[in-house]
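Heads up, the thing below is written out as C-alpha cells.
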Amino acid sequence: MEKYGDLIEKQRKFYLQGKTKELSFRLEALKKLQSLIRTNEQELMDALKKDLNKSEFDTYLTEIGIVLEEIKFTLKHLHAWAKPRRVKSSLATLGSKSYIYPEPYGVALVISPWNYPFQLAIAPLAGALAAGNCVILKPSELTPNTSALLDKLISENFPEEYIAVVEGGVGVSTALLNEKVDYIFFTGSVSVGKVVMQAAAKNLTPVTLELGGKSPCIVHEDANLKLAAKRIAWGKFTNAGQTCVAPDYLYVHSRVKNEFLHELKLAIHDLYSENIFDSGQFTKIVSERHFKRLISFLNNGEQYLGGKYDETKLTIEPTILDMIHWNDEVMQDEIFGPILPVMDYESLPKIISEIQSRHKPLALYIFTENEKIQKKILNEISFGGGCINDTVYHLSSPYLPFGGVGESGIGAYHGKGSFDVFTHEKSILKQTTMFDLPFRYPTMKNGLKFI
Ligand code: NAD
C-alpha cells in the first residue's frame, strides 16, 4: 500500500511557516481558484459529459455555478470571518477581556464522491483554504475524467505542499486515512462514513461526514399539485436521481394521488424529452454495478411511468413505481437513481411515526399550504435540512448550513459554515494585571488586593 506520510509532512512543514494563515494569501488562493474555474469551464463540461453524460446546462447549474457563488460569497466575507472576535466577560472574570481566535486545523484531508464530482470536491476545498489550511484532496475514482482534470488544474497552479490532489480508489483512500491529518472532511455513503470515522478515531481527528440516506417527500392533500409536480420532478430526476438530497420516495395523500401522479407525468414530459436515450441530455448511471442494482428495483410495485433502460448507455428513464410498501426492496436503502417509489397515506401522524422509526434523513420535503402541518412536521421529525413547497434548493443558499444528522451525517457547511468546519475557535481570556480578585484563592483573606 502506498504511503502518504511524506506528502503530509511536507504540507505540515509548509503550514507551520504560517503563510496560509495570512489573510492576503488566502484571498489570493481563492481568487486563483475562481479564475481557474472560469477559464476552464469548457474542460470541466467536457469531463463531466464523459464521466456522467451531464448536459452543459446541468453542469453549469449544479457544479460550476454553485461553486463560483460559494467562492464569491467567501471572498466577500472572509475578512470579517477571519478576524478575532471580542466577546463578553463574565462577573467571575471581572477586569479581563475575552476573545475568540479563529485558527485553521493544519492539514485537511477532503475525500469526495462521484455524483457531483466537481462541486463536492471544490466547495470543501474552498472552505478549507479560506480557513487557512493545507489540503489533500482525494476525488472519486468513478469519475476519472473529472478527477484527472482536478489533478491537472491544481498541480499546475498550486504547490503540492499547499494543495495536493491524490487520485485513486479505496486503496488510496485507506492509505490516506492511515496517516495522521488534522481534519477529515468526507462526502459519501453511510457505510464508508463509518470506516472514515473509525480511522479518524485512532488519532482523535475531527471529522465532517456528509452522508446520505432515504429522504422523504410528502405531498399533502392541500398542496399546489401542479407546482409540486414540477419541483419534485426536477429535484428527483436532475442528475438521474444521483443527488444526495433528491427526494428518495413519495408519500402522497390518497385523496389527491391520482391527480398528482398525472401532474407528475406531465412535468416529467415537460422537463425531459420523450426519448432520453438519444437526446444526450439525461445523466447516465455512473457504473454498471450501480446500473444493475437500480434495474433490479424495476419490478417492485406497479410501473406508473417509465421503466425503460439502455444498458449500453447506462441510462434509465425517469420511472415512477406505484403501490410500494416498506418491505419492498426499493425501500431498503437510498435509491440514488431515477426511480421514484410512491406510497399513499391518509393519516399524517402514521407517516410521521414511520419516518421517525427509521434513520434520520438527510433531507425532507413537505408540500402543503397548511402552516400547522408544516410546523408539526418540522417539530416532530429530525432531519438534516429541507424545503417547504420545494425540493433540493435549500442547499443553494450560503445562509443555510448544509449537512445531515444521525446516520445522514455530522457537521454542516456552505457559506460561513464552510469556513467554520475547517476552523478551530481558540478561546482566549486576557486577564488584567491591575488587580487580583481574592475569591478563587483558598488562602486569601483580605478582600481586593491592588498590585
Ligand atoms: P462512497 O462512500 O462509495 O465513496 C466516497 C469516497 O470514498 C470516494 O472518494 C471513494 O473512493 C472513497 N471510498 C470508497 N470506499 C472506501 C473505503 N472502504 N474506505 C475509504 N474510502 C473509500 O460514495 P459514492 O458512491 O461516491 O457517493 C454516493 C453516496 O454519497 C450516497 O450515499 C450519497 O447520498 C452520498 N452523498 C452525500 C452528499 C452530502 O453532501 N451529504 C453528497 C453527495 C453524495
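Residue numbering restarts at 1 for every chain of the C-alpha cells, chains are lettered A, B, ... in their displayed order, and ligands are numbered from 1 as they appear.
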
- Item | Neighbour list for Leu153 (chain A) as a list in words, cut-off 10 Å, only C-alpha atoms, skip fewer than 2 positions in-chain | Leu33, Leu36, Ile37, Asn40, Ala148, Leu149, Leu150, Asp151, Ser155, Glu156, Asn157, Phe158 and Val165 of chain A

Dump N, CA and C atoms for the selected residues as a PDB file, in the first residue's frame?
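Output file part17.pdb follows:
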ATOM      1  N   LEU A  33      -8.266  30.170  -7.608  1.00  0.00           N
ATOM      2  CA  LEU A  33      -9.176  29.049  -7.826  1.00  0.00           C
ATOM      3  C   LEU A  33     -10.372  29.495  -8.663  1.00  0.00           C
ATOM      4  N   LEU A  36      -9.276  30.019 -12.230  1.00  0.00           N
ATOM      5  CA  LEU A  36      -9.021  28.703 -12.840  1.00  0.00           C
ATOM      6  C   LEU A  36     -10.313  28.052 -13.318  1.00  0.00           C
ATOM      7  N   ILE A  37     -11.336  28.157 -12.465  1.00  0.00           N
ATOM      8  CA  ILE A  37     -12.627  27.541 -12.805  1.00  0.00           C
ATOM      9  C   ILE A  37     -13.222  28.258 -14.010  1.00  0.00           C
ATOM     10  N   ASN A  40     -11.514  27.430 -17.242  1.00  0.00           N
ATOM     11  CA  ASN A  40     -11.556  26.025 -17.660  1.00  0.00           C
ATOM     12  C   ASN A  40     -12.967  25.448 -17.683  1.00  0.00           C
ATOM     13  N   ALA A 148      -8.987  13.498 -13.068  1.00  0.00           N
ATOM     14  CA  ALA A 148      -7.716  13.831 -13.733  1.00  0.00           C
ATOM     15  C   ALA A 148      -7.630  15.333 -13.999  1.00  0.00           C
ATOM     16  N   LEU A 149      -8.759  15.936 -14.368  1.00  0.00           N
ATOM     17  CA  LEU A 149      -8.736  17.384 -14.638  1.00  0.00           C
ATOM     18  C   LEU A 149      -8.464  18.166 -13.341  1.00  0.00           C
ATOM     19  N   LEU A 150      -9.080  17.722 -12.252  1.00  0.00           N
ATOM     20  CA  LEU A 150      -8.829  18.391 -10.967  1.00  0.00           C
ATOM     21  C   LEU A 150      -7.341  18.312 -10.630  1.00  0.00           C
ATOM     22  N   ASP A 151      -6.772  17.131 -10.835  1.00  0.00           N
ATOM     23  CA  ASP A 151      -5.356  16.936 -10.536  1.00  0.00           C
ATOM     24  C   ASP A 151      -4.500  17.888 -11.386  1.00  0.00           C
ATOM     25  N   SER A 155      -2.425  20.840  -9.712  1.00  0.00           N
ATOM     26  CA  SER A 155      -0.959  20.672  -9.678  1.00  0.00           C
ATOM     27  C   SER A 155      -0.245  21.715 -10.548  1.00  0.00           C
ATOM     28  N   GLU A 156      -0.908  22.210 -11.581  1.00  0.00           N
ATOM     29  CA  GLU A 156      -0.268  23.238 -12.428  1.00  0.00           C
ATOM     30  C   GLU A 156      -0.330  24.627 -11.795  1.00  0.00           C
ATOM     31  N   ASN A 157      -1.170  24.787 -10.797  1.00  0.00           N
ATOM     32  CA  ASN A 157      -1.376  26.135 -10.261  1.00  0.00           C
ATOM     33  C   ASN A 157      -1.067  26.330  -8.790  1.00  0.00           C
ATOM     34  N   PHE A 158      -0.924  25.228  -8.064  1.00  0.00           N
ATOM     35  CA  PHE A 158      -0.619  25.346  -6.632  1.00  0.00           C
ATOM     36  C   PHE A 158       0.494  24.360  -6.279  1.00  0.00           C
ATOM     37  N   VAL A 165      -3.739  16.990  -5.068  1.00  0.00           N
ATOM     38  CA  VAL A 165      -4.814  16.063  -5.425  1.00  0.00           C
ATOM     39  C   VAL A 165      -4.184  14.677  -5.496  1.00  0.00           C
TER      40      VAL A 165
END

- Query: Can you list, as a PyMOL selection string, every protein, DNA or RNA residue that comes within 8 Å of region 13-22 of chain A when you count only C-alpha atoms, leaving out same-chain residues fewer than 5 positions away?
  - Reply: chain A and resi 104+106-107+129+131-134+161-162

- Message: List as a list in words the protein and nucleic acid residues near region 378-381 of chain A, meaning an atom at most 8 Å away when only C-alpha atoms are counted, but skip any in the same chain fewer than 4 places from it.
- Response: Ile352, Ile355, Gln356 and Gln374 of chain A

- Task: Could the residues that lie within 8 Å of ligand 1, counting only C-alpha atoms and all ligand atoms, be listed as a PyMOL selection string?
- Result: chain A and resi 111-116+120+138-142+168-174+177+186-193+195-196+209-213+242-245+334+336+362+402-404+408-409

Using the selection just defined, write its residues with C-alpha atoms as a CSV table (one decimal), in the first residue's frame.
chain,number,residue,atom,x,y,z
A,111,ILE,CA,-12.5,12.8,0.3
A,112,SER,CA,-15.2,13.4,-2.3
A,113,PRO,CA,-17.8,11.3,-4.2
A,114,TRP,CA,-18.6,10.9,-7.9
A,115,ASN,CA,-22.2,12.2,-8.2
A,116,TYR,CA,-21.2,15.9,-8.3
A,120,LEU,CA,-18.3,18.2,-3.9
A,138,LYS,CA,-9.0,12.6,-2.9
A,139,PRO,CA,-11.6,12.7,-5.6
A,140,SER,CA,-13.7,9.7,-6.6
A,141,GLU,CA,-12.2,7.1,-8.9
A,142,LEU,CA,-15.6,6.5,-10.6
A,168,GLY,CA,-7.3,6.7,-6.7
A,169,GLY,CA,-9.9,4.4,-5.2
A,170,VAL,CA,-10.4,2.6,-1.9
A,171,GLY,CA,-6.7,1.6,-1.6
A,172,VAL,CA,-5.5,5.2,-1.8
A,173,SER,CA,-8.3,6.4,0.4
A,174,THR,CA,-7.4,3.8,3.0
A,177,LEU,CA,-6.8,7.6,6.3
A,186,PHE,CA,-15.7,13.2,3.9
A,187,THR,CA,-18.7,13.2,1.5
A,188,GLY,CA,-20.1,9.8,0.5
A,189,SER,CA,-22.1,6.8,1.7
A,190,VAL,CA,-23.1,6.0,5.2
A,191,SER,CA,-21.1,2.7,5.2
A,192,VAL,CA,-17.9,4.4,4.1
A,193,GLY,CA,-18.6,7.3,6.5
A,195,VAL,CA,-15.0,3.5,8.0
A,196,VAL,CA,-13.7,7.1,7.9
A,209,LEU,CA,-19.3,13.5,7.4
A,210,GLU,CA,-21.7,14.5,4.6
A,211,LEU,CA,-23.6,11.3,4.1
A,212,GLY,CA,-26.8,10.1,2.5
A,213,GLY,CA,-30.0,8.1,3.2
A,242,GLN,CA,-27.9,10.6,-8.2
A,243,THR,CA,-28.2,13.5,-5.8
A,244,CYS,CA,-27.8,13.0,-2.1
A,245,VAL,CA,-30.7,15.3,-1.3
A,334,GLU,CA,-31.1,5.0,-0.6
A,336,PHE,CA,-29.7,7.1,-5.9
A,362,LEU,CA,-30.5,14.0,5.1
A,402,PHE,CA,-26.0,22.1,4.8
A,403,GLY,CA,-25.5,18.8,6.5
A,404,GLY,CA,-27.1,15.7,8.0
A,408,SER,CA,-27.1,11.2,7.5
A,409,GLY,CA,-24.1,13.0,8.7

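If you count only C-alpha atoms and ignore residues fewer than 4 places along the chain from Lys230 (chain A), what sits within 10 Å of it is Leu225, Lys226, Trp234, Gly235, Glu263, Leu264, Lys265, Leu266, Ala267, Ile268, Asp270, Leu271, Asp390 and Thr391 of chain A.
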
For the alpha helix (DSSP H) assignment from backbone DSSP, which residues of region 68-152 of chain A qualify? Please present them as a PDB file with C-alpha atoms, in the first residue's frame.
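Wrote part_9.pdb, looks like this:
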ATOM      1  CA  LEU A  68     -18.374  30.094  -8.116  1.00  0.00           C
ATOM      2  CA  GLU A  69     -21.168  31.551  -5.963  1.00  0.00           C
ATOM      3  CA  GLU A  70     -19.675  29.931  -2.868  1.00  0.00           C
ATOM      4  CA  ILE A  71     -16.216  31.358  -3.621  1.00  0.00           C
ATOM      5  CA  LYS A  72     -17.664  34.809  -4.364  1.00  0.00           C
ATOM      6  CA  PHE A  73     -19.549  34.804  -1.066  1.00  0.00           C
ATOM      7  CA  THR A  74     -16.429  33.689   0.811  1.00  0.00           C
ATOM      8  CA  LEU A  75     -14.248  36.386  -0.805  1.00  0.00           C
ATOM      9  CA  LYS A  76     -16.792  38.985   0.253  1.00  0.00           C
ATOM     10  CA  HIS A  77     -16.960  37.912   3.884  1.00  0.00           C
ATOM     11  CA  LEU A  78     -13.616  36.304   4.683  1.00  0.00           C
ATOM     12  CA  HIS A  79     -12.133  39.456   6.117  1.00  0.00           C
ATOM     13  CA  ALA A  80     -14.851  39.560   8.805  1.00  0.00           C
ATOM     14  CA  TRP A  81     -14.916  35.804   9.456  1.00  0.00           C
ATOM     15  CA  ALA A  82     -11.152  35.520   9.931  1.00  0.00           C
ATOM     16  CA  GLN A 119     -18.782  20.663  -6.761  1.00  0.00           C
ATOM     17  CA  LEU A 120     -18.311  18.228  -3.881  1.00  0.00           C
ATOM     18  CA  ALA A 121     -14.526  18.351  -4.229  1.00  0.00           C
ATOM     19  CA  ILE A 122     -14.087  22.093  -4.746  1.00  0.00           C
ATOM     20  CA  ALA A 123     -16.664  23.514  -2.304  1.00  0.00           C
ATOM     21  CA  PRO A 124     -14.987  21.889   0.731  1.00  0.00           C
ATOM     22  CA  LEU A 125     -11.551  22.728  -0.712  1.00  0.00           C
ATOM     23  CA  ALA A 126     -12.518  26.413  -0.902  1.00  0.00           C
ATOM     24  CA  GLY A 127     -13.753  26.328   2.712  1.00  0.00           C
ATOM     25  CA  ALA A 128     -10.535  24.704   3.887  1.00  0.00           C
ATOM     26  CA  LEU A 129      -8.363  27.272   2.073  1.00  0.00           C
ATOM     27  CA  ALA A 130     -10.488  30.150   3.351  1.00  0.00           C
ATOM     28  CA  ALA A 131      -9.878  28.917   6.884  1.00  0.00           C
ATOM     29  CA  PRO A 144     -11.857   9.567 -13.762  1.00  0.00           C
ATOM     30  CA  ASN A 145     -12.013  12.434 -16.286  1.00  0.00           C
ATOM     31  CA  THR A 146     -13.075  14.969 -13.670  1.00  0.00           C
ATOM     32  CA  SER A 147     -10.574  13.540 -11.197  1.00  0.00           C
ATOM     33  CA  ALA A 148      -7.716  13.831 -13.733  1.00  0.00           C
ATOM     34  CA  LEU A 149      -8.736  17.384 -14.638  1.00  0.00           C
ATOM     35  CA  LEU A 150      -8.829  18.391 -10.967  1.00  0.00           C
ATOM     36  CA  ASP A 151      -5.356  16.936 -10.536  1.00  0.00           C
ATOM     37  CA  LYS A 152      -4.051  18.784 -13.597  1.00  0.00           C
TER      38      LYS A 152
END
